[in-house]
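Printed here is coords-v4.cif (mmCIF, C-alpha atoms):
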```
data_coords
loop_
_atom_site.label_atom_id
_atom_site.label_comp_id
_atom_site.auth_asym_id
_atom_site.auth_seq_id
_atom_site.Cartn_x
_atom_site.Cartn_y
_atom_site.Cartn_z
CA MET A 1 -31.22 6.61 -2.27
CA SER A 2 -32.66 4.18 0.23
CA ALA A 3 -33.91 6.20 3.20
CA VAL A 4 -33.93 3.04 5.32
CA ALA A 5 -30.28 2.35 4.51
CA LEU A 6 -29.28 5.94 5.27
CA ARG A 7 -30.99 5.79 8.65
CA ALA A 8 -29.14 2.54 9.33
CA ALA A 9 -25.89 4.26 8.41
CA ALA A 10 -26.66 7.06 10.86
CA SER A 11 -27.46 4.50 13.56
CA ASP A 12 -24.19 2.66 12.94
CA ALA A 13 -22.24 5.94 13.02
CA ALA A 14 -23.95 7.02 16.25
CA ALA A 15 -22.86 3.76 17.87
CA ILE A 16 -19.20 4.65 17.29
CA ALA A 17 -18.16 6.80 20.24
CA LEU A 18 -15.83 9.15 18.34
CA PHE A 19 -17.87 9.54 15.14
CA ARG A 20 -18.74 13.21 14.62
CA SER A 21 -20.29 13.73 11.17
CA LEU A 22 -21.72 11.78 8.25
CA LEU A 23 -22.87 13.57 5.11
CA ALA A 24 -23.74 12.38 1.61
CA ALA A 25 -24.58 14.04 -1.69
CA ARG A 26 -26.24 12.19 -4.58
CA HIS A 27 -26.61 13.75 -8.03
CA GLY A 28 -25.32 16.98 -6.49
CA ARG A 29 -27.98 17.13 -3.78
CA LEU A 30 -27.52 16.81 -0.04
CA VAL A 31 -29.30 13.58 0.96
CA ALA A 32 -27.87 12.89 4.41
CA GLU A 33 -26.45 15.12 7.12
CA TYR A 34 -25.90 13.72 10.60
CA TYR A 35 -23.80 15.05 13.47
CA PHE A 36 -22.83 13.36 16.71
CA GLY A 37 -21.11 14.09 20.00
CA GLY A 38 -22.04 17.76 20.10
CA ALA A 39 -20.89 18.59 16.56
CA ASP A 40 -23.20 20.47 14.20
CA SER A 41 -23.24 22.16 10.80
CA THR A 42 -21.03 25.00 12.06
CA THR A 43 -18.30 22.74 13.46
CA ARG A 44 -14.93 23.03 11.74
CA PHE A 45 -13.38 19.57 11.60
CA ASP A 46 -9.60 19.24 11.65
CA VAL A 47 -9.38 16.64 8.90
CA ARG A 48 -5.64 16.03 8.99
CA SER A 49 -4.39 14.46 5.75
CA VAL A 50 -7.47 15.41 3.76
CA THR A 51 -5.36 18.58 3.50
CA LYS A 52 -3.09 16.72 1.09
CA SER A 53 -5.83 16.34 -1.52
CA ILE A 54 -6.52 20.09 -1.30
CA VAL A 55 -2.82 20.84 -1.83
CA GLY A 56 -3.00 18.46 -4.81
CA ALA A 57 -5.87 20.49 -6.28
CA LEU A 58 -3.85 23.68 -5.82
CA THR A 59 -0.93 22.03 -7.62
CA GLY A 60 -3.18 21.30 -10.60
CA ILE A 61 -4.28 24.93 -10.66
CA ALA A 62 -0.65 26.12 -10.42
CA LEU A 63 0.34 23.94 -13.37
CA ARG A 64 -2.58 25.20 -15.45
CA ASP A 65 -1.66 28.81 -14.71
CA ARG A 66 2.08 28.20 -15.30
CA VAL A 67 2.86 29.15 -11.72
CA LEU A 68 4.78 25.87 -11.84
CA PRO A 69 6.42 24.79 -15.12
CA GLY A 70 5.49 21.10 -14.84
CA VAL A 71 5.41 18.07 -12.57
CA ALA A 72 8.99 17.22 -13.57
CA ALA A 73 10.24 20.48 -12.03
CA SER A 74 12.81 20.17 -9.27
CA ILE A 75 11.81 21.51 -5.88
CA ALA A 76 15.22 23.16 -5.44
CA PRO A 77 14.52 26.61 -6.97
CA TYR A 78 11.56 27.09 -4.64
CA LEU A 79 13.30 26.18 -1.39
CA ALA A 80 16.67 27.88 -1.39
CA PRO A 81 17.59 30.06 0.41
CA PRO A 82 17.31 29.74 3.41
CA ASP A 83 16.89 25.97 3.14
CA THR A 84 19.98 23.92 2.38
CA LEU A 85 19.65 21.18 -0.24
CA ASP A 86 22.18 18.60 -1.33
CA SER A 87 22.25 16.94 -4.76
CA ALA A 88 19.81 14.22 -3.68
CA ASP A 89 17.32 16.83 -2.49
CA SER A 90 17.64 18.71 -5.77
CA GLY A 91 16.70 15.52 -7.62
CA VAL A 92 13.26 15.48 -5.96
CA THR A 93 10.50 16.68 -8.27
CA VAL A 94 6.98 17.98 -7.82
CA HIS A 95 5.73 14.64 -9.16
CA ASN A 96 7.68 12.79 -6.48
CA LEU A 97 5.95 14.81 -3.78
CA LEU A 98 2.54 14.22 -5.38
CA THR A 99 3.03 10.45 -5.49
CA MET A 100 4.88 9.93 -2.18
CA THR A 101 8.02 8.82 -3.99
CA SER A 102 10.50 11.44 -2.74
CA GLY A 103 12.77 8.67 -1.44
CA TYR A 104 13.43 10.06 2.03
CA GLN A 105 13.87 7.61 4.88
CA TRP A 106 10.52 7.98 6.64
CA ASN A 107 7.95 6.00 8.62
CA GLU A 108 4.78 7.60 9.88
CA GLU A 109 2.46 4.66 9.22
CA THR A 110 3.89 2.59 12.09
CA GLY A 111 6.66 4.91 13.27
CA ASP A 112 6.91 8.27 15.02
CA ASP A 113 8.30 10.40 12.21
CA TYR A 114 5.27 12.70 11.96
CA ASN A 115 5.42 13.63 15.64
CA LEU A 116 9.16 14.22 15.47
CA TRP A 117 8.72 16.36 12.38
CA ILE A 118 5.84 18.49 13.67
CA SER A 119 7.87 19.44 16.76
CA ALA A 120 10.84 20.60 14.66
CA GLU A 121 11.79 24.27 14.42
CA ASN A 122 12.21 24.22 10.62
CA HIS A 123 9.82 21.78 8.99
CA VAL A 124 11.27 21.86 5.50
CA GLN A 125 14.87 21.54 6.59
CA TYR A 126 13.96 18.67 8.88
CA LEU A 127 12.84 16.70 5.82
CA LEU A 128 15.81 17.77 3.70
CA ASP A 129 18.19 16.59 6.40
CA ARG A 130 16.76 13.07 6.34
CA PRO A 131 18.81 10.51 4.38
CA HIS A 132 17.46 9.10 1.16
CA ALA A 133 16.45 5.44 1.50
CA THR A 134 15.99 5.19 -2.27
CA ALA A 135 16.40 7.41 -5.29
CA PRO A 136 13.39 9.65 -5.95
CA GLY A 137 10.64 8.03 -7.99
CA VAL A 138 11.32 4.45 -6.92
CA THR A 139 9.26 3.57 -3.84
CA PHE A 140 5.98 4.73 -2.31
CA THR A 141 6.53 5.96 1.26
CA TYR A 142 3.72 7.91 2.90
CA ASN A 143 5.24 11.21 4.02
CA SER A 144 3.30 14.21 5.34
CA ALA A 145 6.44 16.35 5.55
CA ALA A 146 6.94 15.91 1.80
CA VAL A 147 3.45 17.22 1.07
CA HIS A 148 3.95 20.13 3.45
CA THR A 149 7.09 20.87 1.44
CA LEU A 150 4.97 20.82 -1.73
CA GLY A 151 2.78 23.47 -0.11
CA VAL A 152 5.88 25.56 0.58
CA VAL A 153 6.94 25.11 -3.05
CA LEU A 154 3.51 26.38 -4.17
CA GLN A 155 3.74 29.31 -1.78
CA ASP A 156 7.13 30.33 -3.14
CA ALA A 157 6.12 29.83 -6.78
CA ALA A 158 2.94 31.87 -6.33
CA ALA A 159 4.73 34.51 -4.22
CA MET A 160 1.93 34.53 -1.65
CA PRO A 161 0.95 32.59 1.46
CA LEU A 162 -0.67 29.25 0.73
CA PRO A 163 -4.04 30.21 2.31
CA GLN A 164 -4.15 33.29 0.08
CA TYR A 165 -3.35 31.17 -2.98
CA ALA A 166 -6.09 28.73 -1.98
CA ALA A 167 -8.70 31.44 -1.45
CA PRO A 168 -10.04 31.50 -5.05
CA LEU A 169 -10.52 27.71 -4.98
CA PHE A 170 -12.60 27.91 -1.83
CA ALA A 171 -14.47 31.01 -3.04
CA ALA A 172 -15.48 29.13 -6.20
CA LEU A 173 -17.07 26.48 -3.96
CA GLY A 174 -18.83 28.98 -1.71
CA VAL A 175 -16.58 28.06 1.21
CA ASP A 176 -16.09 31.06 3.50
CA THR A 177 -14.63 29.48 6.63
CA VAL A 178 -11.22 27.81 6.40
CA VAL A 179 -8.68 27.37 9.21
CA TRP A 180 -5.08 26.31 8.56
CA GLU A 181 -2.60 25.11 11.17
CA PRO A 182 0.31 27.61 11.24
CA LEU A 183 3.90 26.37 11.16
CA ASP A 184 7.28 28.10 11.01
CA ARG A 185 8.32 31.07 8.86
CA GLY A 186 4.83 32.07 7.78
CA THR A 187 3.88 28.65 6.41
CA VAL A 188 0.87 26.46 7.15
CA ASN A 189 0.74 22.70 7.50
CA GLY A 190 0.13 21.53 3.94
CA GLY A 191 0.46 17.90 4.97
CA ALA A 192 -2.22 17.74 7.66
CA GLY A 193 -3.46 21.07 8.87
CA ILE A 194 -6.82 22.25 7.54
CA ALA A 195 -10.19 22.52 9.26
CA LEU A 196 -13.47 22.77 7.33
CA ARG A 197 -17.18 22.33 7.97
CA GLY A 198 -18.88 19.11 6.89
CA ARG A 199 -20.79 20.64 3.99
CA ASP A 200 -17.63 22.36 2.77
CA LEU A 201 -15.78 19.04 2.70
CA LEU A 202 -18.71 17.66 0.72
CA LYS A 203 -18.37 20.55 -1.76
CA PHE A 204 -14.71 19.71 -2.29
CA GLY A 205 -15.55 16.08 -3.02
CA GLN A 206 -18.35 17.18 -5.36
CA LEU A 207 -15.87 19.37 -7.24
CA PHE A 208 -13.72 16.32 -7.98
CA LEU A 209 -16.76 14.19 -8.80
CA GLN A 210 -17.60 16.86 -11.40
CA ARG A 211 -14.03 16.64 -12.77
CA GLY A 212 -13.07 20.05 -11.45
CA TRP A 213 -16.19 21.93 -12.55
CA SER A 214 -18.35 24.12 -10.32
CA GLY A 215 -21.42 25.14 -12.27
CA ASN A 216 -20.18 26.34 -15.66
CA ARG A 217 -16.72 27.19 -14.36
CA SER A 218 -13.63 24.99 -14.52
CA VAL A 219 -11.94 25.40 -11.15
CA VAL A 220 -9.45 22.52 -11.36
CA PRO A 221 -8.46 21.20 -14.83
CA GLU A 222 -10.35 18.07 -15.91
CA GLY A 223 -7.17 16.34 -16.98
CA TRP A 224 -5.60 16.98 -13.59
CA VAL A 225 -8.58 15.53 -11.74
CA ASP A 226 -8.46 12.45 -13.95
CA GLU A 227 -4.74 11.92 -13.43
CA ALA A 228 -4.77 12.63 -9.69
CA THR A 229 -7.57 10.12 -9.05
CA ARG A 230 -6.11 7.39 -11.27
CA PRO A 231 -3.92 4.63 -9.79
CA GLN A 232 -0.24 5.52 -10.13
CA PHE A 233 1.07 2.18 -8.82
CA ALA A 234 0.74 -1.54 -9.54
CA TRP A 235 0.39 -2.55 -5.87
CA ARG A 236 -2.94 -3.04 -4.13
CA ARG A 237 -3.73 -3.32 -0.41
CA THR A 238 -6.73 -4.02 1.77
CA PHE A 239 -7.76 -1.59 4.50
CA GLY A 240 -10.68 -2.44 6.72
CA PRO A 241 -13.69 -3.19 4.52
CA LEU A 242 -12.07 -1.90 1.35
CA SER A 243 -9.91 -3.94 -1.02
CA HIS A 244 -7.79 -3.04 -4.06
CA VAL A 245 -6.56 0.15 -2.39
CA THR A 246 -3.70 2.03 -4.03
CA TYR A 247 -2.56 5.62 -4.49
CA GLY A 248 -3.02 8.29 -7.12
CA MET A 249 -1.63 11.80 -6.67
CA LEU A 250 -2.56 12.84 -3.13
CA TRP A 251 -5.77 10.80 -3.38
CA TRP A 252 -6.27 7.20 -2.33
CA VAL A 253 -7.92 5.00 -4.94
CA SER A 254 -9.81 1.71 -4.84
CA ASP A 255 -10.61 -0.06 -8.08
CA ALA A 256 -12.80 -2.66 -6.35
CA ALA A 257 -16.37 -2.34 -7.59
CA PRO A 258 -17.74 0.26 -7.32
CA ALA A 259 -14.48 2.10 -7.94
CA ALA A 260 -13.82 5.10 -5.71
CA PHE A 261 -11.21 7.67 -4.83
CA TYR A 262 -10.94 9.35 -1.48
CA ALA A 263 -9.12 11.84 0.70
CA TRP A 264 -8.15 10.13 3.95
CA GLY A 265 -7.11 11.82 7.18
CA TYR A 266 -5.72 10.40 10.41
CA GLY A 267 -8.20 8.58 12.60
CA GLY A 268 -11.05 8.38 10.11
CA GLN A 269 -11.51 11.63 8.20
CA PHE A 270 -12.86 10.83 4.73
CA VAL A 271 -14.08 12.55 1.59
CA TYR A 272 -15.18 9.52 -0.43
CA VAL A 273 -16.17 9.82 -4.09
CA VAL A 274 -17.92 7.10 -6.12
CA PRO A 275 -18.24 8.32 -9.72
CA SER A 276 -20.41 5.42 -10.96
CA ARG A 277 -22.98 6.17 -8.24
CA ASP A 278 -22.70 9.98 -8.62
CA LEU A 279 -22.07 9.98 -4.89
CA VAL A 280 -19.90 11.84 -2.37
CA VAL A 281 -19.70 10.87 1.30
CA VAL A 282 -17.99 12.74 4.14
CA ALA A 283 -17.16 11.21 7.51
CA THR A 284 -15.24 12.79 10.39
CA THR A 285 -14.21 11.58 13.83
CA ASP A 286 -12.76 13.04 17.01
CA TRP A 287 -9.19 11.84 16.40
CA GLY A 288 -7.87 14.00 19.23
CA ASN A 289 -9.45 11.83 21.93
CA LEU A 290 -8.06 8.44 21.00
CA SER A 291 -7.53 6.30 24.08
CA GLN A 292 -9.59 3.11 23.79
CA VAL A 293 -9.03 2.61 20.06
CA THR A 294 -6.13 2.98 17.61
CA PRO A 295 -6.36 5.56 14.81
CA GLN A 296 -6.21 2.72 12.28
CA ALA A 297 -9.12 0.89 13.91
CA LEU A 298 -11.22 4.03 14.14
CA ALA A 299 -10.52 4.82 10.49
CA ALA A 300 -11.46 1.28 9.44
CA THR A 301 -14.72 1.52 11.39
CA ALA A 302 -15.61 4.91 9.89
CA LEU A 303 -14.78 3.63 6.42
CA GLY A 304 -17.04 0.66 7.08
CA VAL A 305 -20.03 2.97 7.58
CA ILE A 306 -19.28 4.54 4.19
CA VAL A 307 -18.56 1.36 2.24
CA ASN A 308 -21.05 -1.01 3.86
CA ASP A 309 -23.93 1.38 4.59
CA VAL A 310 -23.94 4.56 2.54
CA VAL A 311 -22.61 3.36 -0.81
CA PRO A 312 -25.09 0.45 -1.06
CA ALA A 313 -27.88 2.92 -0.24
CA ALA A 314 -27.28 4.52 -3.66
CA ARG A 315 -29.41 2.26 -5.85
#
```
Can the structure from this file be put into structure tokens for me?
Amino acid sequence: MSAVALRAAASDAAAIALFRSLLAARHGRLVAEYYFGGADSTTRFDVRSVTKSIVGALTGIALRDRVLPGVAASIAPYLAPPDTLDSADSGVTVHNLLTMTSGYQWNEETGDDYNLWISAENHVQYLLDRPHATAPGVTFTYNSAAVHTLGVVLQDAAAMPLPQYAAPLFAALGVDTVVWEPLDRGTVNGGAGIALRGRDLLKFGQLFLQRGWSGNRSVVPEGWVDEATRPQFAWRRTFGPLSHVTYGMLWWVSDAAPAAFYAWGYGGQFVYVVPSRDLVVVATTDWGNLSQVTPQALAATALGVIVNDVVPAAR
């Protein structure tokens, strides 16, 4: 790693008012750890949609352990009762929730659907009551409520609360402090509701860099890691400094050189993995104090520190 480049990355991050942490691991070793704005190594960062990638890891574990029969399984047996599903809802599969192809009419990228959903009394039923814009499996539509519903499916299939089901995953990584956002009926927000320390986020990225292995123990199946971090779609987009962006299964993917996959939370929360550089980078921001900048702009700026500063530092 270039020490000069890492210091430049820290300087660039410090110049961004809402930047709060920047960490990097190379070859499994911590090589950079910077905190800003009063944050430190004990701060638990609410990383919003990074939660989705953790729920994806739990899904891989559930499939390995036959807690779920397969990705083609309908969500219906795990949601009723008390939730009410129609035939279109019953056609939604675990795979649809993993790939954002459930088909529900939804817009949280430029619309207000997330805020309307989070204020609902029953978060699963709110989604089920939405009309289907397309049949399941047809179109990518980013949908946090769908991933929360996947967490509820896991909770029902495992017959235990989602945080309890997730505990062995975190224990295997040496993570002892996890906070989940509670929602209705004993559920937690599986779409955007976890808070972790910076080093613990780095450990999660390192787990996926190591294809699910922690030491000599397979925590998440190798095949699942490979599939989840592989592009599932033909489309490609550009976001901020990064081109060729597409989606895997609850991970974003860029196949621009050097190829990377990353967990991405609202307002610039990132766990960014570059396999060819044996590199993991974590960035977090104070998304709760947005006033002078949009969440998209803040995320693009934070991603720029990763892509333009930290990744090139890995020689």
Taking a cut-off of 8 Å and counting all atoms listed in the file, can you build a table that, for each residue of range 185-242 of chain A near range 276-296 of chain A, reports the nearest atom pair and how far apart they are in Å (one decimal), sorted by chain then residue number, as a Markdown table?
```
| residue | atom | partner | partner_atom | distance |
| --- | --- | --- | --- | --- |
| A:Gly198 | CA | A:Val282 | CA | 7.0 |
| A:Leu201 | CA | A:Val282 | CA | 6.8 |
| A:Leu202 | CA | A:Val282 | CA | 6.0 |
| A:Gly205 | CA | A:Val280 | CA | 6.1 |
| A:Gln206 | CA | A:Val280 | CA | 6.3 |
| A:Leu209 | CA | A:Asp278 | CA | 7.3 |
```
Name the residues that the PyMOL selection byres ((chain A and resi 313) around 8) pulls out of this structure, and write them as an MDAnalysis selection string. chainID A and resid 1:3 5:6 309:312 314:315
Can you work out which one of A:Gly56, A:Gly186, A:Gly111, A:Gly38 has the shortest atom-to-atom distance to Asp156 in chain A, counting all atoms listed in the file? A:Gly186
I'd like the residues picked by the PyMOL selection byres ((chain A and resi 132) around 9) written out as a list in words, using the chain letters and numbers from the file.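 What the PyMOL selection byres ((chain A and resi 132) around 9) grabs from the file is Ala88, Asp89, Ser102, Gly103, Tyr104, Gln105, Trp106, Arg130, Pro131, Ala133, Thr134, Ala135 and Pro136 of chain A.
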List as a PyMOL selection string the protein and nucleic acid residues near Glu181 in chain A, meaning an atom at most 9 Å away when only C-alpha atoms are counted, but skip any in the same chain fewer than 5 places from it. chain A and resi 187-190+192-195
Take the selection from the previous step and output its residues with C-alpha atoms, as a compact mmCIF listing (two decimals), keeping the file's coordinate frame.
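File produced: selection.txt:
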```
# COMPACT_ATOMS: atom_id res chain seq x y z
CA THR A 187 3.88 28.65 6.41
CA VAL A 188 0.87 26.46 7.15
CA ASN A 189 0.74 22.70 7.50
CA GLY A 190 0.13 21.53 3.94
CA ALA A 192 -2.22 17.74 7.66
CA GLY A 193 -3.46 21.07 8.87
CA ILE A 194 -6.82 22.25 7.54
CA ALA A 195 -10.19 22.52 9.26
```
Report as a list in words the residues that result from applying the PyMOL selection byres ((chain A and resi 230) around 10) to the structure here.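 On the file shown, the PyMOL selection byres ((chain A and resi 230) around 10) covers Trp224, Val225, Asp226, Glu227, Ala228, Thr229, Pro231, Gln232, Phe233, Thr246, Tyr247, Gly248, Met249, Trp251, Trp252, Val253, Ser254, Asp255, Ala260 and Phe261 of chain A.
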Under the rule that all atoms listed in the file are counted, which of A:Phe36, A:Arg185, A:Leu169, A:Met160 is the nearest residue to Arg217 in chain A? A:Leu169
Could you work out how far CA of Ala145 in chain A lies from CA of Thr84 in chain A, giving the answer in Å with one decimal?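 CA of Thr84 in chain A sits 15.8 Å away from CA of Ala145 in chain A.
Minimum atom-to-atom distance to Leu116 in chain A, evaluated using only C-alpha atoms, belongs to A:Ser144 out of A:Thr42, A:Gln155, A:Ser144, A:Ser214.
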How far is it from CA of Ser119 in chain A to CA of Val138 in chain A, in Å with one decimal?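 The value is 28.2 Å.
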Of the listed residues A:Ala146, A:Ala167, A:Ala14, A:Ala263, that which approaches Tyr126 in chain A most closely, counting only C-alpha atoms: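 Going through A:Ala146, A:Ala167, A:Ala14, A:Ala263 one by one, the smallest distance to Tyr126 in chain A is for A:Ala146.
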Nearest candidate to Pro221 in chain A (options A:Arg29, A:Arg20, A:Arg64, A:Arg197; using all atoms listed in the file): A:Arg64
Å distance separating CA of Asp129 in chain A from CA of Tyr114 in chain A, one decimal place: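 Computing it gives 14.6 Å between the two atoms.
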Measuring atom to atom with all atoms listed in the file, identify which of A:Tyr142, A:Phe45, A:Trp213, A:Phe19 is nearest to Asp200 in chain A.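 Closest residue, counting all atoms listed in the file: A:Phe45.
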Counting all atoms listed in the file, select every polymer residue within 9 Å of (-22.3, 3.1, 7.3) as defined in the file's coordinates, and provide the selection as a PDB file with C-alpha atoms, keeping the file's coordinate frame.
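Generated output (result.pdb):
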```
ATOM      1  CA  ALA A   5     -30.280   2.350   4.510  1.00  0.00           C
ATOM      2  CA  LEU A   6     -29.280   5.940   5.270  1.00  0.00           C
ATOM      3  CA  ALA A   8     -29.140   2.540   9.330  1.00  0.00           C
ATOM      4  CA  ALA A   9     -25.890   4.260   8.410  1.00  0.00           C
ATOM      5  CA  ALA A  10     -26.660   7.060  10.860  1.00  0.00           C
ATOM      6  CA  SER A  11     -27.460   4.500  13.560  1.00  0.00           C
ATOM      7  CA  ASP A  12     -24.190   2.660  12.940  1.00  0.00           C
ATOM      8  CA  ALA A  13     -22.240   5.940  13.020  1.00  0.00           C
ATOM      9  CA  LEU A  22     -21.720  11.780   8.250  1.00  0.00           C
ATOM     10  CA  THR A 301     -14.720   1.520  11.390  1.00  0.00           C
ATOM     11  CA  ALA A 302     -15.610   4.910   9.890  1.00  0.00           C
ATOM     12  CA  LEU A 303     -14.780   3.630   6.420  1.00  0.00           C
ATOM     13  CA  GLY A 304     -17.040   0.660   7.080  1.00  0.00           C
ATOM     14  CA  VAL A 305     -20.030   2.970   7.580  1.00  0.00           C
ATOM     15  CA  ILE A 306     -19.280   4.540   4.190  1.00  0.00           C
ATOM     16  CA  VAL A 307     -18.560   1.360   2.240  1.00  0.00           C
ATOM     17  CA  ASN A 308     -21.050  -1.010   3.860  1.00  0.00           C
ATOM     18  CA  ASP A 309     -23.930   1.380   4.590  1.00  0.00           C
ATOM     19  CA  VAL A 310     -23.940   4.560   2.540  1.00  0.00           C
ATOM     20  CA  VAL A 311     -22.610   3.360  -0.810  1.00  0.00           C
TER      21      VAL A 311
END
```
Range 18-40 of chain A from the block above: N, CA and C atoms written as a PDB file, in the first residue's frame:
```
ATOM      1  N   LEU A  18     -19.576  15.477   6.211  1.00  0.00           N
ATOM      2  CA  LEU A  18     -20.341  14.404   6.852  1.00  0.00           C
ATOM      3  C   LEU A  18     -19.634  13.050   6.834  1.00  0.00           C
ATOM      4  N   PHE A  19     -18.406  13.005   6.361  1.00  0.00           N
ATOM      5  CA  PHE A  19     -17.643  11.745   6.372  1.00  0.00           C
ATOM      6  C   PHE A  19     -17.339  11.378   7.827  1.00  0.00           C
ATOM      7  N   ARG A  20     -17.486  10.095   8.183  1.00  0.00           N
ATOM      8  CA  ARG A  20     -17.277   9.711   9.573  1.00  0.00           C
ATOM      9  C   ARG A  20     -16.227   8.614   9.766  1.00  0.00           C
ATOM     10  N   SER A  21     -16.049   7.717   8.804  1.00  0.00           N
ATOM     11  CA  SER A  21     -15.007   6.705   8.978  1.00  0.00           C
ATOM     12  C   SER A  21     -14.500   6.228   7.632  1.00  0.00           C
ATOM     13  N   LEU A  22     -13.216   5.855   7.605  1.00  0.00           N
ATOM     14  CA  LEU A  22     -12.583   5.285   6.433  1.00  0.00           C
ATOM     15  C   LEU A  22     -11.591   4.241   6.916  1.00  0.00           C
ATOM     16  N   LEU A  23     -11.838   2.997   6.558  1.00  0.00           N
ATOM     17  CA  LEU A  23     -10.976   1.892   6.964  1.00  0.00           C
ATOM     18  C   LEU A  23     -10.627   1.057   5.750  1.00  0.00           C
ATOM     19  N   ALA A  24      -9.457   0.427   5.785  1.00  0.00           N
ATOM     20  CA  ALA A  24      -9.057  -0.460   4.696  1.00  0.00           C
ATOM     21  C   ALA A  24      -8.264  -1.627   5.253  1.00  0.00           C
ATOM     22  N   ALA A  25      -8.469  -2.790   4.650  1.00  0.00           N
ATOM     23  CA  ALA A  25      -7.690  -3.986   4.967  1.00  0.00           C
ATOM     24  C   ALA A  25      -7.075  -4.523   3.685  1.00  0.00           C
ATOM     25  N   ARG A  26      -5.784  -4.814   3.727  1.00  0.00           N
ATOM     26  CA  ARG A  26      -5.071  -5.383   2.578  1.00  0.00           C
ATOM     27  C   ARG A  26      -4.424  -6.681   3.019  1.00  0.00           C
ATOM     28  N   HIS A  27      -4.623  -7.733   2.226  1.00  0.00           N
ATOM     29  CA  HIS A  27      -4.091  -9.053   2.575  1.00  0.00           C
ATOM     30  C   HIS A  27      -4.495  -9.454   4.002  1.00  0.00           C
ATOM     31  N   GLY A  28      -5.719  -9.040   4.392  1.00  0.00           N
ATOM     32  CA  GLY A  28      -6.233  -9.427   5.699  1.00  0.00           C
ATOM     33  C   GLY A  28      -5.715  -8.615   6.858  1.00  0.00           C
ATOM     34  N   ARG A  29      -4.971  -7.556   6.585  1.00  0.00           N
ATOM     35  CA  ARG A  29      -4.421  -6.729   7.662  1.00  0.00           C
ATOM     36  C   ARG A  29      -4.989  -5.317   7.591  1.00  0.00           C
ATOM     37  N   LEU A  30      -5.266  -4.757   8.755  1.00  0.00           N
ATOM     38  CA  LEU A  30      -5.761  -3.389   8.829  1.00  0.00           C
ATOM     39  C   LEU A  30      -4.627  -2.436   8.448  1.00  0.00           C
ATOM     40  N   VAL A  31      -4.839  -1.654   7.379  1.00  0.00           N
ATOM     41  CA  VAL A  31      -3.790  -0.740   6.907  1.00  0.00           C
ATOM     42  C   VAL A  31      -4.196   0.722   7.010  1.00  0.00           C
ATOM     43  N   ALA A  32      -5.462   0.986   7.241  1.00  0.00           N
ATOM     44  CA  ALA A  32      -5.918   2.368   7.386  1.00  0.00           C
ATOM     45  C   ALA A  32      -7.136   2.383   8.286  1.00  0.00           C
ATOM     46  N   GLU A  33      -7.178   3.329   9.206  1.00  0.00           N
ATOM     47  CA  GLU A  33      -8.329   3.473  10.099  1.00  0.00           C
ATOM     48  C   GLU A  33      -8.400   4.934  10.522  1.00  0.00           C
ATOM     49  N   TYR A  34      -9.351   5.647   9.937  1.00  0.00           N
ATOM     50  CA  TYR A  34      -9.513   7.069  10.200  1.00  0.00           C
ATOM     51  C   TYR A  34     -10.960   7.341  10.597  1.00  0.00           C
ATOM     52  N   TYR A  35     -11.129   8.216  11.579  1.00  0.00           N
ATOM     53  CA  TYR A  35     -12.461   8.623  12.014  1.00  0.00           C
ATOM     54  C   TYR A  35     -12.535  10.147  12.013  1.00  0.00           C
ATOM     55  N   PHE A  36     -13.738  10.651  11.792  1.00  0.00           N
ATOM     56  CA  PHE A  36     -13.942  12.085  11.646  1.00  0.00           C
ATOM     57  C   PHE A  36     -15.213  12.508  12.379  1.00  0.00           C
ATOM     58  N   GLY A  37     -15.303  13.794  12.673  1.00  0.00           N
ATOM     59  CA  GLY A  37     -16.538  14.352  13.219  1.00  0.00           C
ATOM     60  C   GLY A  37     -16.943  13.799  14.559  1.00  0.00           C
ATOM     61  N   GLY A  38     -15.974  13.375  15.363  1.00  0.00           N
ATOM     62  CA  GLY A  38     -16.279  12.859  16.693  1.00  0.00           C
ATOM     63  C   GLY A  38     -16.481  11.361  16.765  1.00  0.00           C
ATOM     64  N   ALA A  39     -16.490  10.680  15.626  1.00  0.00           N
ATOM     65  CA  ALA A  39     -16.606   9.217  15.627  1.00  0.00           C
ATOM     66  C   ALA A  39     -15.279   8.602  16.054  1.00  0.00           C
ATOM     67  N   ASP A  40     -15.333   7.353  16.529  1.00  0.00           N
ATOM     68  CA  ASP A  40     -14.104   6.632  16.873  1.00  0.00           C
ATOM     69  C   ASP A  40     -14.343   5.141  16.702  1.00  0.00           C
TER      70      ASP A  40
END
```
